[in-house]
Amino acid sequence: MHRTLSTGAIKIIEREADEFDEEAVEKHLSNIKAEGVHVHHGGGCPGSRAMTINRKEEVDDKVIAASQDIEIKIKPQLSQWPVQLMLVPERASYWDGKELLVTADCVPFAYPNYHLDLLKGKSVVVGCPKLDNIGYYIEKLTNIIKYNDIKGIQVAYMEVPCCRGMVMAVDEAVRKSGKNIEVKKIEISIDGRKK
């Protein structure tokens with residue numbers, strides 16, 4: 001199998017950064033631990049760091065056995081195909097008159113109410129700003145916004161730093177499209193909460 005590397009995928013930007021604040025890091029880690037997320041230290045990108053999420057069983061009057069999972073069936077809310085940003089066409093009837101939901105790949109897995117709370121009634125594209133070519137994302141999103149009657153945009157992303165690349169791509173695409181469309185940003189925590 002032959003693979004080619006994409007050019008322009010990495011940019012080196014020099015800028016001033018805040019000084020390392022060890023106290024702030026310790027506070028953040030203690031907050032994560034209090035929320036039931038165990039971080040397996042090993043360095044690297046925080047979005048790639050292995051974590052165990054310990055779920056506490058919540059009991060209410062309607063739950064007979066807290067140790068059992070409850071099966072809930074909902075109607076799927078997906079109204080188009082494909083959904084992967086690398087595969088969707090720039091022009092399609094399913095873009096027109098709808099809000100566009102730009103979703104980082106991990107969001108539907110982490111956020112249990114994804115279909116009803118975020119996807120319902122919207123067109124959608126999914127992608128990973130860390131693993132894919134962000135320049136391509138910006139170009140593709142710019143054209144989708146420019147060539148179609150998009151009535152609004154939401155971007156759903158994970159709380160990890162690399163996922164903010166999706167927010168940046170959407171903001172830049174709207175700017176480059178020349179359209180005045182508000183972008184609603186929805187951050188999802190690693191343990192599945194909307195922030």
# chains A, B, ... in the order shown; residues from 1 in each chain; ligands from 1

$ residues_around --residues "range 122-137 of chain A" --least-positions-apart "5" --cutoff "9 Å" --atoms "only C-alpha atoms" --output "ChimeraX atom specification"
/A:6,8-10,77-80,82-86,88,94-96,98-106,142,162-166,169-170,173

$ write_last_selection --atoms "C-alpha atoms" --output "short mmCIF file (atom, residue, chain, number, x, y, z; two decimals), in the first residue's frame"
data_model
loop_
_atom_site.label_atom_id
_atom_site.label_comp_id
_atom_site.auth_asym_id
_atom_site.auth_seq_id
_atom_site.Cartn_x
_atom_site.Cartn_y
_atom_site.Cartn_z
CA SER A 6 -0.24 15.83 2.43
CA GLY A 8 0.82 22.10 4.22
CA ALA A 9 -0.79 19.97 6.95
CA ILE A 10 1.55 21.26 9.63
CA GLN A 77 -32.17 11.49 13.38
CA LEU A 78 -29.67 11.17 10.51
CA SER A 79 -31.25 12.58 7.33
CA GLN A 80 -28.41 12.29 4.79
CA PRO A 82 -22.49 10.41 3.61
CA VAL A 83 -21.53 12.29 6.78
CA GLN A 84 -17.72 12.21 6.77
CA LEU A 85 -16.43 15.67 5.84
CA MET A 86 -13.87 14.13 3.49
CA VAL A 88 -19.70 14.80 1.49
CA TYR A 94 -29.80 18.28 1.99
CA TRP A 95 -27.73 21.36 2.97
CA ASP A 96 -30.40 23.86 1.91
CA LYS A 98 -31.11 23.53 7.40
CA GLU A 99 -28.62 24.20 10.14
CA LEU A 100 -25.25 22.57 9.59
CA LEU A 101 -23.89 20.52 12.50
CA VAL A 102 -20.11 20.15 12.30
CA THR A 103 -19.17 17.36 14.70
CA ALA A 104 -15.79 16.15 15.92
CA ASP A 105 -15.63 12.36 15.51
CA CYS A 106 -15.66 11.53 19.23
CA THR A 142 -16.08 27.24 3.03
CA CYS A 162 -6.75 19.25 19.65
CA CYS A 163 -10.52 19.31 19.13
CA ARG A 164 -10.52 23.12 19.14
CA GLY A 165 -9.09 22.80 15.64
CA MET A 166 -12.62 21.97 14.49
CA ALA A 169 -11.86 25.49 10.95
CA VAL A 170 -15.55 26.40 11.13
CA ALA A 173 -14.70 28.77 6.77
#

$ residues_around --residues "Tyr111 in chain A" --least-positions-apart "3" --cutoff "12 Å" --atoms "only C-alpha atoms" --output "PyMOL selection string"
chain A and resi 103-108+114-119+156-159+186-195

$ atom_distance --atom1 "CA of Lys140 in chain A" --atom2 "CA of Ala110 in chain A"
25.5 Å

$ atom_distance --atom1 "CA of Lys176 in chain A" --atom2 "CA of Glu16 in chain A"
26.6 Å

$ residues_around --residues "Tyr147 in chain A" --least-positions-apart "3" --cutoff "8 Å" --atoms "only C-alpha atoms" --output "list in words"
Glu90, Arg91, Asn143 and Ile144 of chain A

$ residues_around --residues "Ile181 in chain A" --least-positions-apart "3" --cutoff "10 Å" --atoms "only C-alpha atoms" --output "list in words"
Ile145, Ile150, Lys151, Gly152, Ile153, Asp171, Val174, Arg175, Ser177, Gly178 and Lys184 of chain A
